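Undergrad: Okay, handing you the structure first.
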Amino acid sequence: MSGLAGVRFWRETKSRYNLTGNRCGVCGTVFFPPRPVCTRCHRESIGRMEEHKLKGTGEVLTWTFVHEPRPGFEIQVPYILAMVRLDEGPALLAQMVDCGPGEVRIGTRVHSVFRKIGEEGKSGVIYYGYKFVPD
Amino acid sequence: MVVGTGITPFGELWEHSLRDLGIRAGMEAIRDAGITSSDIDALFVGNMAAGRLIDQTHIGALIADFAGLAGRNLPTVTIEGADASGAAALHHAYLSVASGLHDCVVVGGAEKMTDLPDPEVTEITATALDQQWESFFGATLFSMYAMMARRHMHEFGTTREQLARVAVKNHRNGALNPAAQFRRPVRPESVLEAAEVADPLGMLDCAPISDGAAAVVLCSAERARRLPGPQVRIAASAQAGDTLSLSSRRSLVGFDATSVAMERALKLAGRSRKEVDFAEVHDVTTISEIMAIEDLGFVKKGAGGPATASGMTAPGGELPVNTSGGLKARGHPLGATGIAQIIELVLQLQGKAEERQVPEARVGLAHNVGGCGATAFVHILEVA
């Protein structure tokens with residue numbers, strides 16, 4: 001990675017650091033990640049999407065224990081990935097930490113924590129963002 | 001009409017470059033069709049990731065050039081729809097002939113995956129997911145299917161053993177396919193004991209990393225009448241889409257894109273499901289095949305595991321699925337897969353599938369998925 005490679009990370013920090021999504025001002029549907037247009041109201045929602053910070057609480061819809069990782073995640077293998085349904089409605093994908101596979105089940109209540117996600121080499125940008133832990 | 005086919009062996013083909021493979025498949029398809037390169041009006045190539053896998057884009061131009069056709073100044077285009085790129089190329093090639101713009105075209109699919117180490121390939125296949133909101137957080141393509149498998153088990157009681165039955169069947173089929181990467185059967189215990197990839201899926205639940213290319217020649221019905229050989233008609237070429245990320249979907253136990261593409265295809269073909277004699281489906285993992293037979297409507301949602309265990313999809317069953325060995329055993333060179341599926345359909349419909357032959361095969365279906373279900377294609381082919 002070189003040049004302005006870190007910019008594409010910086011651009012998303014607001015959502016990744018604070019779980020900031022958005023909400024359609026017409027129908028009230030909450031989105032994460034934030035969407036420029038509501039999937040229900042389409043054109044009507046343009047200019048009416050409002051920033052909405054999520055509480056970071058929800059439950060596990062499904063999960064897996066990853067043994068064959070992407071580059072950059074080798075040191076964490078095996079790690080738990082989960083699909084979490086947030087209480088406000090949207091679902092997202094995140095790592096589960098501070099727990100063993102025996103502590104994660106479909107339906108487990110979880111909340112978000114702020115953690116390091118990865119880095120661009122030894123001297124590059126460090127990425128931070130959300131992970132989840134069981135309540 | 002499909003009038004010619006050509007395919008390279010699939011596997012770790014160290015000695016062959018992408019251009020070698022693409023040209024070999026294309027030339028074989030042209031020879032098989034009984035035409036010459038001067039009959040070709042255009043070239044369509046399905047390729048997912050050569051830009052990252054071999055640092056080469058512009059694959060259509062590359063292959064036409066090294067096939068010796070640059071002097072004919074043919075129109076060429078490379079089409080990308082993740083690992084449904086092959087079916088996407090076929091769809092657009094089909095439209096070009098159906099519209100009357102072209103009379104005879106070559107459509108190929110090719111991918112060269114073994115020039116990079118496995119972890120980098122894992123990263124590249126995950127580019128089909130949402131890079132910013134899934135892959136960034138540690139997702140791989142197989143981890144997404146693993147999460148669907150766990151949810152499918154939870155909702156319907158699908159078992160690990162039922163998943164393994166898909167791999168066992170497809171390896172048994174692949175053993176009979178000269179173009180397959182894995183030409184050996186596997187035991188159910190081997191599938192269950194294989195190294196874990198993303199729990200509950202192990203290495204033998206997942207399609208391999210492969211090199212390979214496949215090509216077909218399409219031409220108008222009028223032109224086809226002047227060519228020799230048993231011919232096969234494309235009765236339907238249909239596509240449907242869905243959200244890029246799995247987390248935004250209505251369901252975690254199937255692909256709406258597959259169901260919708262199937263409805264569109266049946267309508268275009270004027271056929272019912274019962275008329276489909278056999279199918280090639282996108283078994284990038286074992287759970288993928290179970291969900292595919294459900295989403296295509298051959299069994300009801302949740303019944304895919306027991307149906308597979310009962311032998312319904314095995315050779316001689318009610319609906320033989322993946323007689324070629326599927327992505328699992330034939331191999332999965334991303335962009336080549338959609339065309340390889342079509343070649344299996346053509347061979348079966350021409351009665352040339354040898355030991356794999358489905359008796360009285362008249363109508364066949366191919367199902368190719370991009371990434372984790374944001375794109376799905378269904379093609380229905382029939383004896384002309």
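We label chains A, B, ... in the order they appear in the structure tokens, count residues from 1 in each chain, and number ligands from 1 in the order shown.
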Could you write out, as an NGL selection string, all the residues of range 47-200 of chain B that DSSP marks as strand (DSSP E)?

TA: :B and (76-79 or 104-111 or 196-199)

Undergrad: For the residues selected in the previous step, produce a file with N, CA and C atoms as a compact mmCIF listing (two decimals), in the first residue's frame.

TA:
# COMPACT_ATOMS: atom_id res chain seq x y z
N THR B 76 -14.11 -7.27 -29.02
CA THR B 76 -13.97 -8.20 -27.89
C THR B 76 -14.36 -7.45 -26.63
N VAL B 77 -14.85 -8.18 -25.64
CA VAL B 77 -15.17 -7.54 -24.36
C VAL B 77 -14.97 -8.56 -23.25
N THR B 78 -14.51 -8.07 -22.09
CA THR B 78 -14.39 -8.93 -20.91
C THR B 78 -15.52 -8.56 -19.97
N ILE B 79 -16.19 -9.57 -19.45
CA ILE B 79 -17.37 -9.34 -18.61
C ILE B 79 -17.12 -9.90 -17.22
N CYS B 104 -22.50 -15.12 -35.40
CA CYS B 104 -21.71 -16.21 -34.85
C CYS B 104 -20.64 -15.63 -33.91
N VAL B 105 -20.65 -16.05 -32.65
CA VAL B 105 -19.70 -15.48 -31.69
C VAL B 105 -19.06 -16.60 -30.86
N VAL B 106 -17.87 -16.30 -30.34
CA VAL B 106 -17.24 -17.21 -29.38
C VAL B 106 -17.38 -16.58 -28.00
N VAL B 107 -17.77 -17.39 -27.02
CA VAL B 107 -17.85 -16.90 -25.65
C VAL B 107 -17.06 -17.86 -24.77
N GLY B 108 -16.10 -17.28 -24.07
CA GLY B 108 -15.23 -18.10 -23.24
C GLY B 108 -15.23 -17.62 -21.81
N GLY B 109 -14.72 -18.47 -20.93
CA GLY B 109 -14.49 -18.09 -19.54
C GLY B 109 -13.12 -18.61 -19.19
N ALA B 110 -12.33 -17.82 -18.45
CA ALA B 110 -10.97 -18.26 -18.13
C ALA B 110 -10.53 -17.63 -16.82
N GLU B 111 -9.71 -18.38 -16.07
CA GLU B 111 -9.11 -17.82 -14.86
C GLU B 111 -7.80 -18.55 -14.59
N GLU B 196 -10.27 -27.88 8.90
CA GLU B 196 -11.37 -26.91 8.93
C GLU B 196 -11.01 -25.65 8.14
N VAL B 197 -11.98 -25.10 7.45
CA VAL B 197 -11.81 -23.85 6.71
C VAL B 197 -12.54 -22.75 7.48
N ALA B 198 -13.83 -22.92 7.62
CA ALA B 198 -14.66 -22.03 8.44
C ALA B 198 -15.78 -22.93 8.95
N ASP B 199 -15.73 -23.23 10.22
CA ASP B 199 -16.64 -24.16 10.86
C ASP B 199 -18.10 -23.76 10.58

Undergrad: Go through chain A residue by residue and, counting only C-alpha atoms, keep those with an atom at most 9 Å from chain B; for each kept residue give the shortest atom pair and its distance in Å to one decimal, ordered by chain and increasing number, as a Markdown table.

TA:
| residue | atom | partner | partner_atom | distance |
| --- | --- | --- | --- | --- |
| A:Arg8 | CA | B:Gln132 | CA | 8.9 |
| A:Phe9 | CA | B:Gln132 | CA | 8.5 |
| A:Glu12 | CA | B:Gln132 | CA | 8.4 |
| A:Phe32 | CA | B:Ser248 | CA | 8.9 |
| A:Pro33 | CA | B:Trp133 | CA | 7.5 |
| A:Leu61 | CA | B:Arg151 | CA | 7.5 |
| A:Thr62 | CA | B:Met147 | CA | 5.6 |
| A:Trp63 | CA | B:Met147 | CA | 5.2 |
| A:Thr64 | CA | B:Asp199 | CA | 5.4 |
| A:Phe65 | CA | B:Asp199 | CA | 5.1 |
| A:Val66 | CA | B:Ala198 | CA | 4.3 |
| A:His67 | CA | B:Val197 | CA | 5.0 |
| A:Glu68 | CA | B:Val197 | CA | 5.0 |
| A:Pro69 | CA | B:Thr140 | CA | 6.9 |
| A:Arg70 | CA | B:Glu123 | CA | 5.4 |
| A:Pro71 | CA | B:Pro119 | CA | 5.8 |
| A:Gly72 | CA | B:Gly138 | CA | 8.6 |
| A:Phe73 | CA | B:Gly138 | CA | 6.8 |
| A:Pro78 | CA | B:Ala198 | CA | 8.8 |
| A:Tyr79 | CA | B:Gly138 | CA | 8.8 |
| A:Leu81 | CA | B:Ala139 | CA | 7.4 |
| A:Ala82 | CA | B:Met147 | CA | 7.7 |
| A:Met83 | CA | B:Ser247 | CA | 6.8 |
| A:Val84 | CA | B:Ser247 | CA | 8.3 |
| A:Arg85 | CA | B:Ser247 | CA | 8.6 |
| A:Pro90 | CA | B:Ser248 | CA | 7.2 |
| A:Ala91 | CA | B:Ser247 | CA | 5.2 |
| A:Leu92 | CA | B:Ser247 | CA | 5.4 |
| A:Leu93 | CA | B:Glu134 | CA | 6.0 |
| A:Ala94 | CA | B:Phe137 | CA | 5.9 |
| A:Gln95 | CA | B:Phe137 | CA | 6.8 |
| A:Ile106 | CA | B:Arg151 | CA | 8.0 |
| A:Ile117 | CA | B:Phe137 | CA | 6.8 |
| A:Gly118 | CA | B:Phe136 | CA | 8.6 |
| A:Gly129 | CA | B:Phe137 | CA | 8.7 |
| A:Tyr130 | CA | B:Phe137 | CA | 8.8 |
| A:Lys131 | CA | B:Phe137 | CA | 8.6 |

Undergrad: So which residues touch range 223-234 of chain B within 8 Å, counting only C-alpha atoms, skipping near sequence neighbours fewer than 4 positions away, as a PyMOL selection string?

TA: chain B and resi 1-3+33-34+103-104+219+346+349-350+379-384

Undergrad: Just the residues within 9 Å of range 263-269 of chain B, please, counting only C-alpha atoms, with nothing from its chain fewer than 5 positions along; format it as number ranges by chain.

TA: B: 234-240, 258, 296, 377-381

Undergrad: Which residues are close to Met48 in chain B, i.e. within 8 Å by only C-alpha atoms, leaving aside same-chain residues fewer than 6 positions away? Reply as number ranges by chain.

TA: B: 79-83, 85, 111, 334-335

Undergrad: Using N, CA and C atoms, can you write the selected residues to a file as a short mmCIF file (atom, residue, chain, number, x, y, z; two decimals), in the first residue's frame?

TA:
data_model
loop_
_atom_site.label_atom_id
_atom_site.label_comp_id
_atom_site.auth_asym_id
_atom_site.auth_seq_id
_atom_site.Cartn_x
_atom_site.Cartn_y
_atom_site.Cartn_z
N ILE B 79 -16.19 -9.57 -19.45
CA ILE B 79 -17.37 -9.34 -18.61
C ILE B 79 -17.12 -9.90 -17.22
N GLU B 80 -17.46 -9.09 -16.20
CA GLU B 80 -17.18 -9.49 -14.83
C GLU B 80 -18.45 -9.49 -13.99
N GLY B 81 -18.73 -10.59 -13.34
CA GLY B 81 -19.81 -10.69 -12.36
C GLY B 81 -19.36 -11.65 -11.28
N ALA B 82 -18.19 -11.35 -10.69
CA ALA B 82 -17.55 -12.23 -9.70
C ALA B 82 -17.42 -13.64 -10.29
N ASP B 83 -17.72 -14.68 -9.50
CA ASP B 83 -17.54 -16.02 -10.07
C ASP B 83 -18.75 -16.45 -10.91
N SER B 85 -19.01 -14.71 -13.70
CA SER B 85 -18.57 -14.02 -14.92
C SER B 85 -18.79 -14.86 -16.18
N GLU B 111 -9.71 -18.38 -16.07
CA GLU B 111 -9.11 -17.82 -14.86
C GLU B 111 -7.80 -18.55 -14.59
N LEU B 334 -12.83 -19.45 -11.32
CA LEU B 334 -13.88 -18.43 -11.23
C LEU B 334 -14.64 -18.12 -12.53
N GLY B 335 -14.00 -17.38 -13.44
CA GLY B 335 -14.68 -16.96 -14.67
C GLY B 335 -14.99 -18.09 -15.63
#

Undergrad: Using DSSP secondary structure from the backbone, list all helix (DSSP H, G or I) positions within range 8-128 of chain A, as a ChimeraX atom specification.

TA: /A:8-10,13-18,43-45,74-76,101-103

Undergrad: Excluding Ile209 in chain B and any residue of its chain fewer than 2 positions from it, enumerate the residues within 7 Å of it, using only C-alpha atoms, and give them as an mmCIF file with C-alpha atoms, in the first residue's frame.

TA:
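Everything below was put into result_38.cif:
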data_model
loop_
_atom_site.group_PDB
_atom_site.id
_atom_site.type_symbol
_atom_site.label_atom_id
_atom_site.label_comp_id
_atom_site.auth_asym_id
_atom_site.auth_seq_id
_atom_site.Cartn_x
_atom_site.Cartn_y
_atom_site.Cartn_z
ATOM 1 C CA MET B 113 -5.449 -18.645 -9.980
ATOM 2 C CA ALA B 207 -14.333 -25.741 -4.111
ATOM 3 C CA HIS B 332 -13.602 -23.654 -9.875
ATOM 4 C CA PRO B 333 -11.535 -21.331 -12.050
#

Undergrad: Mind checking which residues fall within 10 Å of Glu44 in chain A, counting only C-alpha atoms, ignoring those fewer than 5 positions away in the same chain, and posting them as a ChimeraX atom specification?

TA: /A:24-27,37-38,49

Undergrad: Using CA of Leu54 in chain A and CA of Thr243 in chain B as the two end points, give the distance in Å to one decimal.

TA: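 Atom-to-atom, CA of Leu54 in chain A and CA of Thr243 in chain B are spaced 21.3 Å apart.
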